[in-house]
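Heads up, query.cif below (mmCIF, N, CA and C atoms):
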```cif
data_model
#
loop_
_atom_site.group_PDB
_atom_site.id
_atom_site.type_symbol
_atom_site.label_atom_id
_atom_site.label_comp_id
_atom_site.auth_asym_id
_atom_site.auth_seq_id
_atom_site.Cartn_x
_atom_site.Cartn_y
_atom_site.Cartn_z
ATOM 1 N N MET A 1 1.882 41.355 154.092
ATOM 2 C CA MET A 1 2.154 42.760 154.054
ATOM 3 C C MET A 1 1.942 43.386 155.435
ATOM 4 N N LEU A 2 0.837 43.003 156.088
ATOM 5 C CA LEU A 2 0.567 43.564 157.415
ATOM 6 C C LEU A 2 1.624 43.144 158.425
ATOM 7 N N THR A 3 2.160 41.950 158.260
ATOM 8 C CA THR A 3 3.199 41.496 159.181
ATOM 9 C C THR A 3 4.418 42.397 159.085
ATOM 10 N N LEU A 4 4.807 42.731 157.875
ATOM 11 C CA LEU A 4 5.965 43.613 157.690
ATOM 12 C C LEU A 4 5.670 45.038 158.152
ATOM 13 N N LEU A 5 4.505 45.552 157.817
ATOM 14 C CA LEU A 5 4.157 46.924 158.192
ATOM 15 C C LEU A 5 4.026 47.103 159.705
ATOM 16 N N SER A 6 3.536 46.075 160.371
ATOM 17 C CA SER A 6 3.300 46.202 161.806
ATOM 18 C C SER A 6 4.537 45.888 162.645
ATOM 19 N N HIS A 7 5.597 45.411 162.022
ATOM 20 C CA HIS A 7 6.806 45.054 162.776
ATOM 21 C C HIS A 7 7.473 46.304 163.351
ATOM 22 N N GLY A 8 7.412 46.447 164.667
ATOM 23 C CA GLY A 8 8.044 47.578 165.338
ATOM 24 C C GLY A 8 7.348 48.906 165.125
ATOM 25 N N ASP A 9 6.098 48.895 164.651
ATOM 26 C CA ASP A 9 5.393 50.142 164.361
ATOM 27 C C ASP A 9 4.047 50.158 165.086
ATOM 28 N N LEU A 10 4.001 50.873 166.192
ATOM 29 C CA LEU A 10 2.793 50.928 167.009
ATOM 30 C C LEU A 10 1.610 51.513 166.235
ATOM 31 N N ALA A 11 1.862 52.488 165.382
ATOM 32 C CA ALA A 11 0.764 53.115 164.625
ATOM 33 C C ALA A 11 0.072 52.098 163.724
ATOM 34 N N TRP A 12 0.840 51.257 163.026
ATOM 35 C CA TRP A 12 0.241 50.236 162.161
ATOM 36 C C TRP A 12 -0.474 49.179 162.983
ATOM 37 N N CYS A 13 0.109 48.801 164.118
ATOM 38 C CA CYS A 13 -0.539 47.812 164.982
ATOM 39 C C CYS A 13 -1.904 48.322 165.449
ATOM 40 N N GLU A 14 -1.933 49.546 165.914
ATOM 41 C CA GLU A 14 -3.191 50.107 166.402
ATOM 42 C C GLU A 14 -4.192 50.309 165.268
ATOM 43 N N ALA A 15 -3.697 50.713 164.098
ATOM 44 C CA ALA A 15 -4.604 50.923 162.961
ATOM 45 C C ALA A 15 -5.254 49.617 162.519
ATOM 46 N N THR A 16 -4.493 48.547 162.480
ATOM 47 C CA THR A 16 -5.061 47.266 162.043
ATOM 48 C C THR A 16 -5.942 46.660 163.119
ATOM 49 N N LEU A 17 -5.599 46.868 164.382
ATOM 50 C CA LEU A 17 -6.426 46.334 165.469
ATOM 51 C C LEU A 17 -7.692 47.146 165.695
ATOM 52 N N ALA A 18 -7.810 48.308 165.073
ATOM 53 C CA ALA A 18 -9.022 49.117 165.203
ATOM 54 C C ALA A 18 -10.222 48.408 164.582
ATOM 55 N N GLU A 19 -9.952 47.537 163.621
ATOM 56 C CA GLU A 19 -11.037 46.756 163.012
ATOM 57 C C GLU A 19 -11.426 45.632 163.962
ATOM 58 N N GLU A 20 -12.691 45.534 164.268
ATOM 59 C CA GLU A 20 -13.190 44.568 165.248
ATOM 60 C C GLU A 20 -12.886 43.122 164.872
ATOM 61 N N TYR A 21 -12.876 42.821 163.594
ATOM 62 C CA TYR A 21 -12.701 41.444 163.133
ATOM 63 C C TYR A 21 -11.239 41.063 162.888
ATOM 64 N N ALA A 22 -10.302 41.985 163.015
ATOM 65 C CA ALA A 22 -8.908 41.714 162.652
ATOM 66 C C ALA A 22 -8.284 40.601 163.495
ATOM 67 N N LEU A 23 -8.361 40.718 164.801
ATOM 68 C CA LEU A 23 -7.737 39.732 165.675
ATOM 69 C C LEU A 23 -8.379 38.354 165.530
ATOM 70 N N PRO A 24 -9.706 38.236 165.577
ATOM 71 C CA PRO A 24 -10.295 36.901 165.393
ATOM 72 C C PRO A 24 -9.984 36.296 164.021
ATOM 73 N N LEU A 25 -9.949 37.124 162.992
ATOM 74 C CA LEU A 25 -9.665 36.615 161.649
ATOM 75 C C LEU A 25 -8.243 36.073 161.550
ATOM 76 N N VAL A 26 -7.270 36.809 162.054
ATOM 77 C CA VAL A 26 -5.877 36.366 161.974
ATOM 78 C C VAL A 26 -5.665 35.133 162.847
ATOM 79 N N ALA A 27 -6.308 35.080 163.995
ATOM 80 C CA ALA A 27 -6.213 33.888 164.841
ATOM 81 C C ALA A 27 -6.823 32.681 164.140
ATOM 82 N N LEU A 28 -7.945 32.877 163.465
ATOM 83 C CA LEU A 28 -8.584 31.797 162.714
ATOM 84 C C LEU A 28 -7.699 31.325 161.567
ATOM 85 N N VAL A 29 -7.089 32.254 160.861
ATOM 86 C CA VAL A 29 -6.169 31.889 159.771
ATOM 87 C C VAL A 29 -5.009 31.057 160.316
ATOM 88 N N ALA A 30 -4.469 31.448 161.466
ATOM 89 C CA ALA A 30 -3.356 30.699 162.066
ATOM 90 C C ALA A 30 -3.780 29.277 162.410
ATOM 91 N N VAL A 31 -4.930 29.142 163.040
ATOM 92 C CA VAL A 31 -5.395 27.818 163.466
ATOM 93 C C VAL A 31 -5.721 26.942 162.264
ATOM 94 N N GLN A 32 -6.454 27.477 161.292
ATOM 95 C CA GLN A 32 -6.835 26.674 160.134
ATOM 96 C C GLN A 32 -5.647 26.323 159.254
ATOM 97 N N SER A 33 -4.725 27.247 159.061
ATOM 98 C CA SER A 33 -3.569 26.945 158.222
ATOM 99 C C SER A 33 -2.661 25.928 158.902
ATOM 100 N N GLN A 34 -2.531 25.997 160.222
ATOM 101 C CA GLN A 34 -1.736 25.004 160.936
ATOM 102 C C GLN A 34 -2.388 23.636 160.816
ATOM 103 N N SER A 35 -3.690 23.594 160.920
ATOM 104 C CA SER A 35 -4.411 22.329 160.812
ATOM 105 C C SER A 35 -4.245 21.720 159.424
ATOM 106 N N ASN A 36 -4.369 22.543 158.386
ATOM 107 C CA ASN A 36 -4.222 22.048 157.014
ATOM 108 C C ASN A 36 -2.780 21.693 156.694
ATOM 109 N N TRP A 37 -1.836 22.455 157.235
ATOM 110 C CA TRP A 37 -0.426 22.201 156.980
ATOM 111 C C TRP A 37 0.009 20.871 157.590
ATOM 112 N N SER A 38 -0.486 20.576 158.765
ATOM 113 C CA SER A 38 -0.061 19.365 159.447
ATOM 114 C C SER A 38 -0.874 18.142 159.040
ATOM 115 N N ASP A 39 -1.811 18.318 158.114
ATOM 116 C CA ASP A 39 -2.619 17.197 157.640
ATOM 117 C C ASP A 39 -1.739 16.246 156.833
ATOM 118 N N VAL A 40 -1.553 15.052 157.329
ATOM 119 C CA VAL A 40 -0.676 14.085 156.653
ATOM 120 C C VAL A 40 -1.300 13.550 155.375
ATOM 121 N N ASN A 41 -2.585 13.743 155.186
ATOM 122 C CA ASN A 41 -3.268 13.246 153.996
ATOM 123 C C ASN A 41 -3.422 14.333 152.925
ATOM 124 N N ALA A 42 -2.669 15.414 153.039
ATOM 125 C CA ALA A 42 -2.757 16.492 152.050
ATOM 126 C C ALA A 42 -2.403 15.941 150.673
ATOM 127 N N PRO A 43 -3.161 16.317 149.629
ATOM 128 C CA PRO A 43 -2.961 15.740 148.305
ATOM 129 C C PRO A 43 -1.629 16.083 147.652
ATOM 130 N N ASP A 44 -1.114 17.274 147.871
ATOM 131 C CA ASP A 44 0.151 17.626 147.222
ATOM 132 C C ASP A 44 0.983 18.520 148.131
ATOM 133 N N PRO A 45 2.298 18.342 148.133
ATOM 134 C CA PRO A 45 3.174 19.119 149.018
ATOM 135 C C PRO A 45 3.131 20.633 148.822
ATOM 136 N N PRO A 46 3.008 21.167 147.580
ATOM 137 C CA PRO A 46 2.979 22.634 147.464
ATOM 138 C C PRO A 46 1.838 23.284 148.235
ATOM 139 N N ALA A 47 0.676 22.632 148.288
ATOM 140 C CA ALA A 47 -0.439 23.191 149.056
ATOM 141 C C ALA A 47 -0.055 23.262 150.525
ATOM 142 N N GLY A 48 0.644 22.242 151.010
ATOM 143 C CA GLY A 48 1.104 22.255 152.390
ATOM 144 C C GLY A 48 2.067 23.395 152.647
ATOM 145 N N CYS A 49 2.905 23.705 151.670
ATOM 146 C CA CYS A 49 3.853 24.818 151.816
ATOM 147 C C CYS A 49 3.111 26.144 151.897
ATOM 148 N N ASP A 50 2.057 26.298 151.117
ATOM 149 C CA ASP A 50 1.256 27.521 151.177
ATOM 150 C C ASP A 50 0.623 27.680 152.556
ATOM 151 N N TYR A 51 0.127 26.586 153.116
ATOM 152 C CA TYR A 51 -0.455 26.641 154.450
ATOM 153 C C TYR A 51 0.590 27.000 155.491
ATOM 154 N N PHE A 52 1.796 26.474 155.335
ATOM 155 C CA PHE A 52 2.869 26.792 156.273
ATOM 156 C C PHE A 52 3.210 28.279 156.204
ATOM 157 N N ASP A 53 3.253 28.841 155.001
ATOM 158 C CA ASP A 53 3.509 30.281 154.843
ATOM 159 C C ASP A 53 2.433 31.111 155.549
ATOM 160 N N LEU A 54 1.163 30.742 155.324
ATOM 161 C CA LEU A 54 0.058 31.446 155.989
ATOM 162 C C LEU A 54 0.175 31.334 157.504
ATOM 163 N N PHE A 55 0.539 30.155 157.977
ATOM 164 C CA PHE A 55 0.694 29.927 159.408
ATOM 165 C C PHE A 55 1.770 30.846 159.986
ATOM 166 N N CYS A 56 2.923 30.888 159.343
ATOM 167 C CA CYS A 56 4.033 31.713 159.827
ATOM 168 C C CYS A 56 3.701 33.205 159.785
ATOM 169 N N LEU A 57 3.089 33.656 158.692
ATOM 170 C CA LEU A 57 2.753 35.073 158.574
ATOM 171 C C LEU A 57 1.694 35.498 159.581
ATOM 172 N N SER A 58 0.699 34.655 159.795
ATOM 173 C CA SER A 58 -0.340 35.010 160.766
ATOM 174 C C SER A 58 0.230 35.009 162.191
ATOM 175 N N LEU A 59 1.102 34.072 162.495
ATOM 176 C CA LEU A 59 1.740 34.088 163.818
ATOM 177 C C LEU A 59 2.635 35.313 163.986
ATOM 178 N N GLY A 60 3.314 35.704 162.921
ATOM 179 C CA GLY A 60 4.148 36.905 162.977
ATOM 180 C C GLY A 60 3.324 38.151 163.246
ATOM 181 N N LEU A 61 2.178 38.250 162.596
ATOM 182 C CA LEU A 61 1.307 39.407 162.814
ATOM 183 C C LEU A 61 0.759 39.404 164.242
ATOM 184 N N LEU A 62 0.342 38.246 164.719
ATOM 185 C CA LEU A 62 -0.141 38.155 166.098
ATOM 186 C C LEU A 62 0.962 38.529 167.089
ATOM 187 N N MET A 63 2.181 38.093 166.813
ATOM 188 C CA MET A 63 3.308 38.425 167.685
ATOM 189 C C MET A 63 3.588 39.929 167.661
ATOM 190 N N ASN A 64 3.541 40.536 166.482
ATOM 191 C CA ASN A 64 3.747 41.990 166.394
ATOM 192 C C ASN A 64 2.697 42.729 167.206
ATOM 193 N N TRP A 65 1.449 42.326 167.068
ATOM 194 C CA TRP A 65 0.381 42.971 167.819
ATOM 195 C C TRP A 65 0.592 42.803 169.314
ATOM 196 N N ALA A 66 0.939 41.593 169.731
ATOM 197 C CA ALA A 66 1.088 41.306 171.162
ATOM 198 C C ALA A 66 2.254 42.069 171.783
ATOM 199 N N THR A 67 3.335 42.240 171.038
ATOM 200 C CA THR A 67 4.499 42.912 171.600
ATOM 201 C C THR A 67 4.402 44.433 171.516
ATOM 202 N N MET A 68 3.645 44.953 170.583
ATOM 203 C CA MET A 68 3.589 46.397 170.378
ATOM 204 C C MET A 68 2.389 47.073 171.043
ATOM 205 N N CYS A 69 1.306 46.357 171.188
ATOM 206 C CA CYS A 69 0.064 47.009 171.612
ATOM 207 C C CYS A 69 -0.443 46.404 172.922
ATOM 208 N N GLY A 70 -0.605 47.237 173.915
ATOM 209 C CA GLY A 70 -1.023 46.781 175.233
ATOM 210 C C GLY A 70 -2.467 46.331 175.337
ATOM 211 N N LYS A 71 -3.283 46.638 174.329
ATOM 212 C CA LYS A 71 -4.694 46.263 174.420
ATOM 213 C C LYS A 71 -4.987 44.872 173.872
ATOM 214 N N VAL A 72 -3.979 44.178 173.371
ATOM 215 C CA VAL A 72 -4.182 42.858 172.767
ATOM 216 C C VAL A 72 -4.707 41.827 173.764
ATOM 217 N N PRO A 73 -4.189 41.738 174.992
ATOM 218 C CA PRO A 73 -4.744 40.743 175.920
ATOM 219 C C PRO A 73 -6.253 40.922 176.149
ATOM 220 N N GLY A 74 -6.691 42.146 176.286
ATOM 221 C CA GLY A 74 -8.117 42.399 176.462
ATOM 222 C C GLY A 74 -8.920 42.024 175.232
ATOM 223 N N LEU A 75 -8.385 42.324 174.058
ATOM 224 C CA LEU A 75 -9.065 41.958 172.818
ATOM 225 C C LEU A 75 -9.154 40.446 172.669
ATOM 226 N N CYS A 76 -8.093 39.752 173.059
ATOM 227 C CA CYS A 76 -8.101 38.290 172.977
ATOM 228 C C CYS A 76 -9.193 37.717 173.868
ATOM 229 N N LEU A 77 -9.291 38.224 175.072
ATOM 230 C CA LEU A 77 -10.324 37.741 175.986
ATOM 231 C C LEU A 77 -11.716 38.065 175.466
ATOM 232 N N GLN A 78 -11.851 39.205 174.828
ATOM 233 C CA GLN A 78 -13.157 39.656 174.345
ATOM 234 C C GLN A 78 -13.588 38.941 173.073
ATOM 235 N N HIS A 79 -12.668 38.734 172.122
ATOM 236 C CA HIS A 79 -13.056 38.250 170.803
ATOM 237 C C HIS A 79 -12.719 36.796 170.514
ATOM 238 N N CYS A 80 -11.715 36.250 171.119
ATOM 239 C CA CYS A 80 -11.225 34.914 170.754
ATOM 240 C C CYS A 80 -11.540 33.916 171.845
ATOM 241 N N LYS A 81 -12.792 33.660 172.038
ATOM 242 C CA LYS A 81 -13.216 32.705 173.060
ATOM 243 C C LYS A 81 -13.278 31.314 172.437
ATOM 244 N N LEU A 82 -12.807 30.348 173.191
ATOM 245 C CA LEU A 82 -12.894 28.960 172.734
ATOM 246 C C LEU A 82 -14.322 28.466 172.898
ATOM 247 N N VAL A 83 -14.796 27.774 171.889
ATOM 248 C CA VAL A 83 -16.138 27.217 171.928
ATOM 249 C C VAL A 83 -16.013 25.726 172.179
ATOM 250 N N PRO A 84 -16.617 25.215 173.258
ATOM 251 C CA PRO A 84 -16.507 23.776 173.527
ATOM 252 C C PRO A 84 -17.211 22.976 172.452
ATOM 253 N N ARG A 85 -16.633 21.834 172.160
ATOM 254 C CA ARG A 85 -17.245 20.958 171.127
ATOM 255 C C ARG A 85 -18.204 19.996 171.748
#
```

The structure given in the file should be rewritten as structure tokens.
Amino acid sequence: MLTLLSHGDLAWCEATLAEEYALPLVALVAVQSQSNWSDVNAPDPPAGCDYFDLFCLSLGLLMNWATMCGKVPGLCLQHCKLVPR
């Protein structure tokens, strides 16, 4: 729903990004769903399809935010830091 609402709408992008946890949460959903979707040992194909849907929707929302809102690069640097393993 947020992907559709934020498409081409700066007000929705800014409203959703006002929440401190929004960007890290959507980035986490994208990474985890991609990881689960590409798991070759997944027990059943429909679960993989659900992960692919989550992956696409989360990437779409991230793309909407990045193209519509100029503060996204700063938020990415601030909230989405890679943690070394």

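Atom pair atom N of Ser58 of chain A / atom CA of Gly8 of chain A has a distance of 15.9 Å (rounded to one decimal).
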
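When all atoms listed in the file are used to measure the gap to His7 of chain A, the shortest distance among A:Trp37, A:Leu54, A:Leu61, A:Leu28 belongs to A:Leu61.
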
Inset, instruction - May I ask for the distance between atom N of Glu14 of chain A and atom CA of Ser35 of chain A, given in Å to one decimal place? - result: 27.8 Å

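Each of A:Leu5, A:Pro73, A:Val29, A:Tyr21 was checked against Leu59 of chain A using all atoms listed in the file; the smallest atom-to-atom distance is that of A:Val29.
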
Inset, instruction - Step by step, work through what the PyMOL selection byres (((chain A and resi 17 and name CA) around 12) and name CA) selects in the shown file, and finish by giving those residues as a PyMOL selection string. - result: chain A and resi 2+6+10-16+18-26+61-62+64-66+68-76+79

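Of note, atom CA of Gly60 of chain A and atom CA of Ser33 of chain A are spaced 13.5 Å apart.
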